[in-house]
>>> print(open('coords.cif').read())   # mmCIF, C-alpha atoms
data_model
#
loop_
_atom_site.group_PDB
_atom_site.id
_atom_site.type_symbol
_atom_site.label_atom_id
_atom_site.label_comp_id
_atom_site.auth_asym_id
_atom_site.auth_seq_id
_atom_site.Cartn_x
_atom_site.Cartn_y
_atom_site.Cartn_z
ATOM 1 C CA MET P 11 57.115 98.619 232.256
ATOM 2 C CA ALA P 12 54.334 101.114 232.172
ATOM 3 C CA ASN P 13 53.434 100.627 228.529
ATOM 4 C CA THR P 14 53.677 96.945 227.695
ATOM 5 C CA SER P 15 51.123 97.345 224.928
ATOM 6 C CA LYS P 16 53.544 99.471 222.899
ATOM 7 C CA SER P 17 56.132 97.761 220.770
ATOM 8 C CA ALA P 18 59.783 97.657 221.820
ATOM 9 C CA PRO P 19 61.134 99.462 218.730
ATOM 10 C CA ARG P 20 58.739 102.328 219.388
ATOM 11 C CA ARG P 21 60.034 102.651 222.958
ATOM 12 C CA VAL P 22 63.664 102.505 221.866
ATOM 13 C CA ALA P 23 63.022 105.175 219.250
ATOM 14 C CA PHE P 24 61.373 107.466 221.765
ATOM 15 C CA LEU P 25 64.154 106.957 224.353
ATOM 16 C CA GLY P 26 66.734 107.804 221.666
ATOM 17 C CA LEU P 27 64.780 110.927 220.824
ATOM 18 C CA PHE P 28 64.691 112.020 224.454
ATOM 19 C CA ILE P 29 68.424 111.349 224.911
ATOM 20 C CA ALA P 30 69.202 113.415 221.790
ATOM 21 C CA LEU P 31 66.994 116.231 223.059
ATOM 22 C CA ALA P 32 68.640 116.220 226.512
ATOM 23 C CA MET P 33 72.104 116.247 224.902
ATOM 24 C CA ILE P 34 71.224 119.158 222.615
ATOM 25 C CA LEU P 35 69.925 121.111 225.604
ATOM 26 C CA SER P 36 73.202 120.393 227.465
ATOM 27 C CA TYR P 37 75.109 121.750 224.495
ATOM 28 C CA VAL P 38 72.913 124.845 224.176
ATOM 29 C CA GLU P 39 73.410 125.486 227.878
ATOM 30 C CA SER P 40 77.201 125.237 227.529
ATOM 31 C CA LEU P 41 77.030 128.066 224.960
ATOM 32 C CA ILE P 42 75.394 130.471 227.431
ATOM 33 C CA PRO P 43 78.133 132.596 229.025
ATOM 34 C CA PRO P 44 78.242 132.278 232.846
ATOM 35 C CA LEU P 45 76.368 135.077 234.630
ATOM 36 C CA VAL P 46 78.190 134.578 237.917
ATOM 37 C CA ALA P 47 81.786 133.426 238.320
ATOM 38 C CA VAL P 48 80.781 130.545 240.558
ATOM 39 C CA GLN P 49 80.988 127.084 239.022
ATOM 40 C CA GLY P 50 77.674 125.290 239.022
ATOM 41 C CA VAL P 51 75.410 128.297 238.469
ATOM 42 C CA LYS P 52 73.310 127.258 235.475
ATOM 43 C CA ILE P 53 69.733 126.940 234.276
ATOM 44 C CA GLY P 54 69.654 123.168 233.975
ATOM 45 C CA LEU P 55 67.925 122.976 230.583
ATOM 46 C CA PRO P 56 68.295 119.156 230.314
ATOM 47 C CA ASN P 57 66.137 118.870 233.418
ATOM 48 C CA LEU P 58 63.230 119.960 231.216
ATOM 49 C CA VAL P 59 63.433 116.593 229.449
ATOM 50 C CA ILE P 60 63.878 114.666 232.699
ATOM 51 C CA MET P 61 60.918 116.435 234.340
ATOM 52 C CA PHE P 62 58.705 115.734 231.331
ATOM 53 C CA MET P 63 59.722 112.061 231.340
ATOM 54 C CA LEU P 64 59.093 111.701 235.086
ATOM 55 C CA TYR P 65 55.505 112.862 234.598
ATOM 56 C CA ARG P 66 54.625 111.533 231.155
ATOM 57 C CA VAL P 67 56.807 108.495 230.429
ATOM 58 C CA GLY P 68 58.103 106.826 233.605
ATOM 59 C CA SER P 69 60.719 106.946 236.342
ATOM 60 C CA ARG P 70 62.788 104.106 234.916
ATOM 61 C CA GLU P 71 63.004 105.779 231.512
ATOM 62 C CA ALA P 72 63.896 109.120 233.153
ATOM 63 C CA ILE P 73 66.780 107.480 235.053
ATOM 64 C CA THR P 74 68.029 105.800 231.855
ATOM 65 C CA VAL P 75 67.990 109.008 229.804
ATOM 66 C CA SER P 76 69.580 111.065 232.601
ATOM 67 C CA LEU P 77 72.424 108.564 233.070
ATOM 68 C CA ILE P 78 73.178 108.175 229.356
ATOM 69 C CA ARG P 79 73.046 111.956 228.848
ATOM 70 C CA VAL P 80 75.613 112.667 231.608
ATOM 71 C CA VAL P 81 78.028 109.999 230.320
ATOM 72 C CA LEU P 82 77.754 111.008 226.640
ATOM 73 C CA VAL P 83 77.874 114.764 227.255
ATOM 74 C CA SER P 84 80.958 114.613 229.484
ATOM 75 C CA LEU P 85 82.731 112.375 226.963
ATOM 76 C CA LEU P 86 81.775 114.581 223.991
ATOM 77 C CA PHE P 87 81.894 118.158 225.261
ATOM 78 C CA SER P 88 84.084 118.128 228.382
ATOM 79 C CA SER P 89 86.472 116.039 230.443
ATOM 80 C CA ALA P 90 85.835 112.621 231.933
ATOM 81 C CA MET P 91 86.357 114.363 235.283
ATOM 82 C CA SER P 92 83.127 116.295 234.797
ATOM 83 C CA MET P 93 81.336 112.959 234.696
ATOM 84 C CA ALA P 94 81.838 112.592 238.453
ATOM 85 C CA TYR P 95 80.190 115.954 239.128
ATOM 86 C CA GLY P 96 77.431 115.279 236.637
ATOM 87 C CA LEU P 97 76.619 111.796 237.946
ATOM 88 C CA ALA P 98 76.558 112.914 241.584
ATOM 89 C CA GLY P 99 74.306 115.845 240.734
ATOM 90 C CA ALA P 100 72.016 113.814 238.489
ATOM 91 C CA ALA P 101 71.677 110.894 240.936
ATOM 92 C CA LEU P 102 70.856 113.098 243.919
ATOM 93 C CA SER P 103 68.509 115.359 241.970
ATOM 94 C CA LEU P 104 66.621 112.472 240.323
ATOM 95 C CA SER P 105 66.135 110.579 243.599
ATOM 96 C CA GLY P 106 64.812 113.726 245.266
ATOM 97 C CA MET P 107 62.461 114.573 242.403
ATOM 98 C CA MET P 108 61.115 110.999 242.226
ATOM 99 C CA LEU P 109 60.475 110.881 245.988
ATOM 100 C CA LEU P 110 58.768 114.273 246.006
ATOM 101 C CA LYS P 111 56.643 113.436 242.974
ATOM 102 C CA LYS P 112 55.641 110.107 244.541
ATOM 103 C CA THR P 113 54.127 111.890 247.564
ATOM 104 C CA GLY P 114 51.715 113.568 245.147
ATOM 105 C CA LEU P 115 51.583 116.614 247.399
ATOM 106 C CA PHE P 116 53.635 119.073 245.367
ATOM 107 C CA SER P 117 53.380 120.840 242.015
ATOM 108 C CA PRO P 118 55.906 120.190 239.211
ATOM 109 C CA ILE P 119 57.490 123.580 239.987
ATOM 110 C CA THR P 120 58.414 122.476 243.503
ATOM 111 C CA VAL P 121 59.644 119.085 242.252
ATOM 112 C CA SER P 122 61.865 120.912 239.744
ATOM 113 C CA VAL P 123 63.154 123.329 242.424
ATOM 114 C CA VAL P 124 64.138 120.457 244.717
ATOM 115 C CA GLY P 125 65.817 118.778 241.729
ATOM 116 C CA GLY P 126 67.834 121.911 240.934
ATOM 117 C CA VAL P 127 68.886 122.472 244.536
ATOM 118 C CA LEU P 128 69.878 118.807 245.071
ATOM 119 C CA HIS P 129 71.835 118.859 241.808
ATOM 120 C CA ASN P 130 73.948 121.741 243.109
ATOM 121 C CA ILE P 131 74.406 120.091 246.526
ATOM 122 C CA GLY P 132 75.607 116.877 244.854
ATOM 123 C CA GLN P 133 78.067 118.740 242.646
ATOM 124 C CA ILE P 134 79.555 120.775 245.481
ATOM 125 C CA ALA P 135 79.901 117.629 247.631
ATOM 126 C CA VAL P 136 81.922 115.933 244.872
ATOM 127 C CA ALA P 137 83.966 119.109 244.322
ATOM 128 C CA ILE P 138 84.887 119.170 248.031
ATOM 129 C CA LEU P 139 85.853 115.472 247.901
ATOM 130 C CA ILE P 140 87.983 115.849 244.761
ATOM 131 C CA THR P 141 89.728 119.133 245.618
ATOM 132 C CA GLY P 142 89.980 118.529 249.383
ATOM 133 C CA THR P 143 88.893 122.141 249.969
ATOM 134 C CA LYS P 144 86.220 122.291 252.678
ATOM 135 C CA GLN P 145 85.842 126.058 252.132
ATOM 136 C CA LEU P 146 83.859 125.389 248.947
ATOM 137 C CA VAL P 147 80.844 124.813 251.191
ATOM 138 C CA LEU P 148 80.769 128.616 251.642
ATOM 139 C CA TYR P 149 79.505 128.838 248.040
ATOM 140 C CA LEU P 150 76.537 126.613 248.823
ATOM 141 C CA PRO P 151 74.187 129.527 249.729
ATOM 142 C CA VAL P 152 74.749 131.163 246.322
ATOM 143 C CA LEU P 153 74.229 127.816 244.603
ATOM 144 C CA LEU P 154 71.040 127.158 246.593
ATOM 145 C CA ILE P 155 69.556 130.500 245.531
ATOM 146 C CA SER P 156 70.532 129.983 241.894
ATOM 147 C CA GLY P 157 69.149 126.426 242.108
ATOM 148 C CA VAL P 158 65.777 127.736 243.293
ATOM 149 C CA ILE P 159 65.572 130.379 240.531
ATOM 150 C CA ALA P 160 66.581 127.885 237.833
ATOM 151 C CA GLY P 161 64.227 125.275 239.279
ATOM 152 C CA VAL P 162 61.250 127.641 239.164
ATOM 153 C CA ALA P 163 61.983 128.585 235.527
ATOM 154 C CA ILE P 164 62.377 124.961 234.401
ATOM 155 C CA GLY P 165 59.403 123.895 236.527
ATOM 156 C CA ILE P 166 57.077 126.424 234.868
ATOM 157 C CA CYS P 167 58.155 125.294 231.368
ATOM 158 C CA ALA P 168 57.958 121.605 232.279
ATOM 159 C CA GLY P 169 54.514 122.141 233.822
ATOM 160 C CA LEU P 170 53.237 123.646 230.554
ATOM 161 C CA LEU P 171 54.639 120.734 228.518
ATOM 162 C CA ILE P 172 53.208 118.150 230.918
ATOM 163 C CA LYS P 173 49.776 119.768 230.597
ATOM 164 C CA ARG P 174 49.902 119.976 226.773
ATOM 165 C CA PHE P 175 50.862 116.318 226.370
ATOM 166 C CA GLU P 176 48.279 115.003 228.812
ATOM 167 C CA LYS P 177 46.644 112.686 226.307
ATOM 168 C CA LEU P 178 49.776 111.524 224.538
ATOM 169 C CA ARG P 179 51.198 108.153 225.543
ATOM 170 C CA PHE P 180 54.768 107.297 224.755
ATOM 171 C CA MET J 990 50.876 125.731 243.203
ATOM 172 C CA LYS J 991 49.452 125.116 246.636
ATOM 173 C CA LYS J 992 50.344 126.550 250.017
ATOM 174 C CA ARG J 993 52.760 123.709 250.801
ATOM 175 C CA ASP J 994 54.648 124.435 247.565
ATOM 176 C CA PHE J 995 55.297 128.002 248.667
ATOM 177 C CA ILE J 996 56.278 126.821 252.156
ATOM 178 C CA LEU J 997 58.864 124.358 250.814
ATOM 179 C CA ILE J 998 60.371 126.738 248.222
ATOM 180 C CA GLY J 999 60.250 129.635 250.703
ATOM 181 C CA GLY J 1000 61.916 127.473 253.337
ATOM 182 C CA ILE J 1001 64.819 126.611 251.015
ATOM 183 C CA LEU J 1002 65.205 130.291 250.045
ATOM 184 C CA LEU J 1003 65.065 131.440 253.670
ATOM 185 C CA PHE J 1004 67.711 128.904 254.674
ATOM 186 C CA ALA J 1005 69.937 129.969 251.749
ATOM 187 C CA LEU J 1006 69.572 133.674 252.575
ATOM 188 C CA ALA J 1007 70.324 133.054 256.272
ATOM 189 C CA ALA J 1008 73.398 131.013 255.324
ATOM 190 C CA LEU J 1009 74.486 133.730 252.883
ATOM 191 C CA LEU J 1010 74.150 136.359 255.616
ATOM 192 C CA ALA J 1011 76.145 134.189 258.046
ATOM 193 C CA VAL J 1012 78.922 133.722 255.474
ATOM 194 C CA GLU J 1013 79.053 137.460 254.697
ATOM 195 C CA LEU J 1014 79.078 138.498 258.375
ATOM 196 C CA SER J 1015 81.781 136.023 259.398
ATOM 197 C CA LYS J 1016 84.236 137.250 256.776
ATOM 198 C CA GLU J 1017 87.661 138.333 258.026
ATOM 199 C CA PRO J 1018 90.680 139.684 256.165
ATOM 200 C CA GLY J 1019 92.960 137.028 254.722
ATOM 201 C CA ALA J 1020 96.608 136.514 255.623
ATOM 202 C CA TYR J 1021 97.811 133.740 253.325
ATOM 203 C CA VAL J 1022 96.620 131.401 250.583
ATOM 204 C CA ILE J 1023 96.920 127.632 250.324
ATOM 205 C CA VAL J 1024 97.155 126.083 246.864
ATOM 206 C CA ARG J 1025 95.771 122.563 246.512
ATOM 207 C CA VAL J 1026 96.081 120.208 243.561
ATOM 208 C CA ASP J 1027 94.076 116.956 243.646
ATOM 209 C CA GLY J 1028 93.269 117.614 247.296
ATOM 210 C CA GLU J 1029 96.958 117.863 248.326
ATOM 211 C CA GLU J 1030 98.455 121.123 249.554
ATOM 212 C CA THR J 1031 101.250 122.066 247.137
ATOM 213 C CA ALA J 1032 102.111 125.608 248.199
ATOM 214 C CA ARG J 1033 101.386 128.294 250.781
ATOM 215 C CA TYR J 1034 101.974 131.985 250.056
ATOM 216 C CA SER J 1035 101.605 135.077 252.239
ATOM 217 C CA LEU J 1036 99.286 137.724 250.806
ATOM 218 C CA SER J 1037 101.672 140.486 251.937
ATOM 219 C CA GLN J 1038 104.037 139.947 249.028
ATOM 220 C CA THR J 1039 104.121 140.369 245.291
ATOM 221 C CA LEU J 1040 104.668 137.170 243.352
ATOM 222 C CA THR J 1041 103.740 135.154 240.312
ATOM 223 C CA ALA J 1042 103.794 131.371 240.572
ATOM 224 C CA ASP J 1043 102.944 128.414 238.362
ATOM 225 C CA ILE J 1044 100.487 125.886 239.768
ATOM 226 C CA ASN J 1045 100.326 122.210 238.860
ATOM 227 C CA GLY J 1046 103.275 122.394 236.455
ATOM 228 C CA GLY J 1047 101.850 125.394 234.604
ATOM 229 C CA THR J 1048 98.162 124.549 234.091
ATOM 230 C CA ASN J 1049 97.333 127.681 236.103
ATOM 231 C CA THR J 1050 99.267 130.820 237.079
ATOM 232 C CA LEU J 1051 98.716 132.561 240.390
ATOM 233 C CA HIS J 1052 99.481 136.217 241.009
ATOM 234 C CA ILE J 1053 99.573 137.929 244.401
ATOM 235 C CA GLU J 1054 99.742 141.700 244.769
ATOM 236 C CA SER J 1055 98.677 144.269 247.394
ATOM 237 C CA GLY J 1056 96.976 141.684 249.595
ATOM 238 C CA LYS J 1057 94.903 140.102 246.821
ATOM 239 C CA ALA J 1058 95.314 136.865 244.890
ATOM 240 C CA TRP J 1059 94.025 135.972 241.433
ATOM 241 C CA LEU J 1060 94.731 133.634 238.542
ATOM 242 C CA THR J 1061 96.209 135.140 235.395
ATOM 243 C CA GLN J 1062 96.426 132.073 233.174
ATOM 244 C CA ALA J 1063 94.554 128.777 232.936
ATOM 245 C CA GLN J 1064 94.592 125.864 230.530
ATOM 246 C CA CYS J 1065 90.957 124.893 230.635
ATOM 247 C CA PRO J 1066 88.020 125.503 228.303
ATOM 248 C CA ASP J 1067 85.907 127.864 230.417
ATOM 249 C CA HIS J 1068 88.464 130.069 232.263
ATOM 250 C CA LEU J 1069 85.969 130.436 235.103
ATOM 251 C CA CYS J 1070 88.847 130.617 237.586
ATOM 252 C CA ILE J 1071 90.180 133.773 235.884
ATOM 253 C CA LYS J 1072 86.708 135.332 235.676
ATOM 254 C CA ARG J 1073 86.373 134.653 239.405
ATOM 255 C CA GLY J 1074 88.669 137.667 239.881
ATOM 256 C CA MET J 1075 90.532 138.724 243.010
ATOM 257 C CA ILE J 1076 90.133 137.105 246.417
ATOM 258 C CA ASP J 1077 91.374 138.567 249.693
ATOM 259 C CA GLU J 1078 89.020 137.448 252.490
ATOM 260 C CA ALA J 1079 89.347 134.293 254.577
ATOM 261 C CA GLY J 1080 87.290 131.432 253.175
ATOM 262 C CA GLU J 1081 87.180 132.718 249.608
ATOM 263 C CA THR J 1082 88.282 130.125 247.070
ATOM 264 C CA ILE J 1083 89.223 130.177 243.410
ATOM 265 C CA THR J 1084 88.352 126.834 241.862
ATOM 266 C CA CYS J 1085 89.550 125.280 238.636
ATOM 267 C CA LEU J 1086 87.568 122.053 238.483
ATOM 268 C CA PRO J 1087 89.000 120.773 235.176
ATOM 269 C CA ASN J 1088 92.556 120.935 236.570
ATOM 270 C CA ARG J 1089 91.423 120.058 240.127
ATOM 271 C CA VAL J 1090 93.171 123.186 241.448
ATOM 272 C CA THR J 1091 91.918 125.343 244.316
ATOM 273 C CA VAL J 1092 93.379 128.485 245.875
ATOM 274 C CA THR J 1093 91.866 129.272 249.277
ATOM 275 C CA VAL J 1094 92.433 132.331 251.458
ATOM 276 C CA TYR J 1095 93.039 131.768 255.165
ATOM 277 C CA GLY J 1096 92.900 134.369 257.913
ATOM 278 C CA THR J 1097 95.330 134.761 260.787
ATOM 279 C CA GLU J 1098 95.659 131.666 262.971
ATOM 280 C CA THR J 1099 92.573 131.265 265.143
ATOM 281 C CA GLY J 1100 93.156 131.730 268.853
ATOM 282 C CA VAL J 1101 95.982 134.231 268.361
ATOM 283 C CA ASP J 1102 95.050 137.648 269.651
ATOM 284 C CA LEU J 1103 96.892 140.158 267.491
ATOM 285 C CA VAL J 1104 95.670 143.237 269.341
ATOM 286 C CA SER J 1105 97.233 142.435 272.728
#
>>> encode(input="coords.cif", output="structure tokens")
Amino acid sequence: MANTSKSAPRRVAFLGLFIALAMILSYVESLIPPLVAVQGVKIGLPNLVIMFMLYRVGSREAITVSLIRVVLVSLLFSSAMSMAYGLAGAALSLSGMMLLKKTGLFSPITVSVVGGVLHNIGQIAVAILITGTKQLVLYLPVLLISGVIAGVAIGICAGLLIKRFEKLRF
Amino acid sequence: MKKRDFILIGGILLFALAALLAVELSKEPGAYVIVRVDGEETARYSLSQTLTADINGGTNTLHIESGKAWLTQAQCPDHLCIKRGMIDEAGETITCLPNRVTVTVYGTETGVDLVS
């Protein structure tokens, strides 16, 4: 653990706070009417929390919060089926973001863009597997472009937060 | 943001735009639709007819008219499949992820030369 000096209850409290925040952002996002009639086009507000955690808390904590968020949100606000899409997207996007961040070569904006794009790739892969419709891959270009735009927006916001909380240790 | 950031993001965008162009250019008129539920083909309808059909025991309703297909009814929270609108070109798909239903347009059989 990165912060062994901090007490366990403090860590648990902070993780709970982050999970609640990620869940609220998922809910807020579900209220935004879809701009394009292609499933999967979204801003990815919860990624703001995950990005912040990757840079300011730790990879292990980011994985924990991401996983718990997907499971709780799909059970609360949508079907259990959406858990498959969510988990595939989250797993792929988190692995990509962690790898890219580890290289230390790229800015948070790029890390967030790769996360957004990989999230959409993961979701479409699961959608093809579940529906058995290969043609869904034709929607990948639209999803890639929307993933880049969303990733840039979230990356800029996350970058600001990461900068502001430079001296805070969780 | 450094130069390599712009190269990576630009590369992804360039690839997406090229793929989008390829998809748009390779479009051909559709001839029939295949309805799939849970990955299994359940029905196949020609686009040159007028019909209304229930899918998946009524979770979705498909309508075909003047060479176009669209969904008129869906029992899911978001109704994205209805908002998707009409499809009539090969490769276009209406997806209802909550009900695991897809309707995909197919063109004329490949390898068959209709002109000669």
>>> interface_residues(input="coords.cif", of="chain P", to="chain J", cutoff="7 Å", atoms="all atoms listed in the file", output="ChimeraX atom specification")
/P:47,91,116-117,120,140-143,145-146,148,151,154-155
>>> atom_distance(input="coords.cif", atom1="CA of Glu71 in chain P", atom2="CA of Ala160 in chain P")
23.3 Å
>>> atom_distance(input="coords.cif", atom1="CA of Ser36 in chain P", atom2="CA of Leu85 in chain P")
12.5 Å
>>> resolve_selection(input="coords.cif", expression="the PyMOL selection byres ((chain J and resi 1020) around 7)", output="ChimeraX atom specification")
/J:1018-1019,1021,1035-1036,1095-1097
>>> atom_distance(input="coords.cif", atom1="CA of Thr1041 in chain J", atom2="CA of Ala137 in chain P")
25.8 Å
>>> resolve_selection(input="coords.cif", expression="the PyMOL selection byres ((chain P and resi 49-58) around 8)", output="ChimeraX atom specification")
/P:31-33,35-36,39,44-48,59-62,122,126,130,133,153,156-157,160-161,164-165,167-168 /J:1069,1084
>>> write_last_selection(input="coords.cif", atoms="C-alpha atoms", output="mmCIF file, in the coordinates of the input")
data_model
loop_
_atom_site.group_PDB
_atom_site.id
_atom_site.type_symbol
_atom_site.label_atom_id
_atom_site.label_comp_id
_atom_site.auth_asym_id
_atom_site.auth_seq_id
_atom_site.Cartn_x
_atom_site.Cartn_y
_atom_site.Cartn_z
ATOM 1 C CA LEU P 31 66.994 116.231 223.059
ATOM 2 C CA ALA P 32 68.640 116.220 226.512
ATOM 3 C CA MET P 33 72.104 116.247 224.902
ATOM 4 C CA LEU P 35 69.925 121.111 225.604
ATOM 5 C CA SER P 36 73.202 120.393 227.465
ATOM 6 C CA GLU P 39 73.410 125.486 227.878
ATOM 7 C CA PRO P 44 78.242 132.278 232.846
ATOM 8 C CA LEU P 45 76.368 135.077 234.630
ATOM 9 C CA VAL P 46 78.190 134.578 237.917
ATOM 10 C CA ALA P 47 81.786 133.426 238.320
ATOM 11 C CA VAL P 48 80.781 130.545 240.558
ATOM 12 C CA VAL P 59 63.433 116.593 229.449
ATOM 13 C CA ILE P 60 63.878 114.666 232.699
ATOM 14 C CA MET P 61 60.918 116.435 234.340
ATOM 15 C CA PHE P 62 58.705 115.734 231.331
ATOM 16 C CA SER P 122 61.865 120.912 239.744
ATOM 17 C CA GLY P 126 67.834 121.911 240.934
ATOM 18 C CA ASN P 130 73.948 121.741 243.109
ATOM 19 C CA GLN P 133 78.067 118.740 242.646
ATOM 20 C CA LEU P 153 74.229 127.816 244.603
ATOM 21 C CA SER P 156 70.532 129.983 241.894
ATOM 22 C CA GLY P 157 69.149 126.426 242.108
ATOM 23 C CA ALA P 160 66.581 127.885 237.833
ATOM 24 C CA GLY P 161 64.227 125.275 239.279
ATOM 25 C CA ILE P 164 62.377 124.961 234.401
ATOM 26 C CA GLY P 165 59.403 123.895 236.527
ATOM 27 C CA CYS P 167 58.155 125.294 231.368
ATOM 28 C CA ALA P 168 57.958 121.605 232.279
ATOM 29 C CA LEU J 1069 85.969 130.436 235.103
ATOM 30 C CA THR J 1084 88.352 126.834 241.862
#
>>> residues_around(input="coords.cif", residues="Phe175 in chain P", least_positions_apart="3", cutoff="12 Å", atoms="all atoms listed in the file", output="list in words")
Phe62, Met63, Tyr65, Arg66, Val67, Ala168, Gly169, Leu170, Leu171, Ile172, Leu178, Arg179 and Phe180 of chain P
>>> closest_residue(input="coords.cif", among="P:Ala90, P:Ile78, P:Leu110, P:Val152", to="Val124 in chain P", atoms="only C-alpha atoms")
P:Leu110
>>> residues_near_point(input="coords.cif", point="(69.0, 119.3, 245.0)", cutoff="8 Å", atoms="only C-alpha atoms", output="list in words")
Gly99, Leu102, Ser103, Gly106, Val123, Val124, Gly125, Gly126, Val127, Leu128, His129, Asn130, Ile131, Gly132 and Gly157 of chain P
>>> closest_residue(input="coords.cif", among="J:Met1075, J:Val1022, J:Ala1058, J:Ala1063", to="Asp1043 in chain J", atoms="all atoms listed in the file")
J:Ala1063
>>> build_atoms(input="coords.cif", residues="range 1064-1070 of chain J", atoms="all heavy atoms", output="compact mmCIF listing (two decimals), in the frame of the given file")
# COMPACT_ATOMS: atom_id res chain seq x y z
N GLN J 1064 94.77 126.72 231.70
CA GLN J 1064 94.59 125.86 230.53
C GLN J 1064 93.35 125.01 230.71
O GLN J 1064 93.42 123.83 231.02
CB GLN J 1064 95.83 124.99 230.33
CG GLN J 1064 97.01 125.78 229.78
CD GLN J 1064 98.31 125.03 229.93
OE1 GLN J 1064 98.32 123.82 230.10
NE2 GLN J 1064 99.42 125.75 229.89
N CYS J 1065 92.21 125.63 230.57
CA CYS J 1065 90.96 124.89 230.64
C CYS J 1065 89.98 125.60 229.70
O CYS J 1065 90.20 126.74 229.33
CB CYS J 1065 90.42 124.85 232.07
SG CYS J 1065 90.22 126.48 232.81
N PRO J 1066 88.90 124.90 229.31
CA PRO J 1066 88.02 125.50 228.30
C PRO J 1066 87.26 126.75 228.78
O PRO J 1066 87.08 127.69 228.00
CB PRO J 1066 87.03 124.39 227.96
CG PRO J 1066 87.35 123.22 228.82
CD PRO J 1066 88.52 123.55 229.68
N ASP J 1067 86.84 126.80 230.04
CA ASP J 1067 85.91 127.86 230.42
C ASP J 1067 86.55 129.09 231.07
O ASP J 1067 85.95 130.16 231.08
CB ASP J 1067 84.79 127.31 231.31
CG ASP J 1067 85.35 126.57 232.53
OD1 ASP J 1067 86.56 126.66 232.77
OD2 ASP J 1067 84.55 125.92 233.22
N HIS J 1068 87.78 128.95 231.61
CA HIS J 1068 88.46 130.07 232.26
C HIS J 1068 87.65 130.72 233.38
O HIS J 1068 87.76 131.91 233.64
CB HIS J 1068 88.87 131.14 231.24
CG HIS J 1068 89.99 130.67 230.36
ND1 HIS J 1068 89.92 130.73 229.00
CD2 HIS J 1068 91.18 130.12 230.64
CE1 HIS J 1068 91.04 130.23 228.48
NE2 HIS J 1068 91.81 129.85 229.45
N LEU J 1069 86.79 129.90 234.01
CA LEU J 1069 85.97 130.44 235.10
C LEU J 1069 86.84 130.92 236.26
O LEU J 1069 86.49 131.87 236.95
CB LEU J 1069 85.01 129.36 235.62
CG LEU J 1069 83.60 129.38 235.06
CD1 LEU J 1069 82.80 128.23 235.62
CD2 LEU J 1069 82.92 130.70 235.41
N CYS J 1070 87.99 130.26 236.45
CA CYS J 1070 88.85 130.62 237.59
C CYS J 1070 89.43 132.02 237.39
O CYS J 1070 89.67 132.74 238.36
CB CYS J 1070 89.95 129.58 237.77
SG CYS J 1070 90.87 129.22 236.28
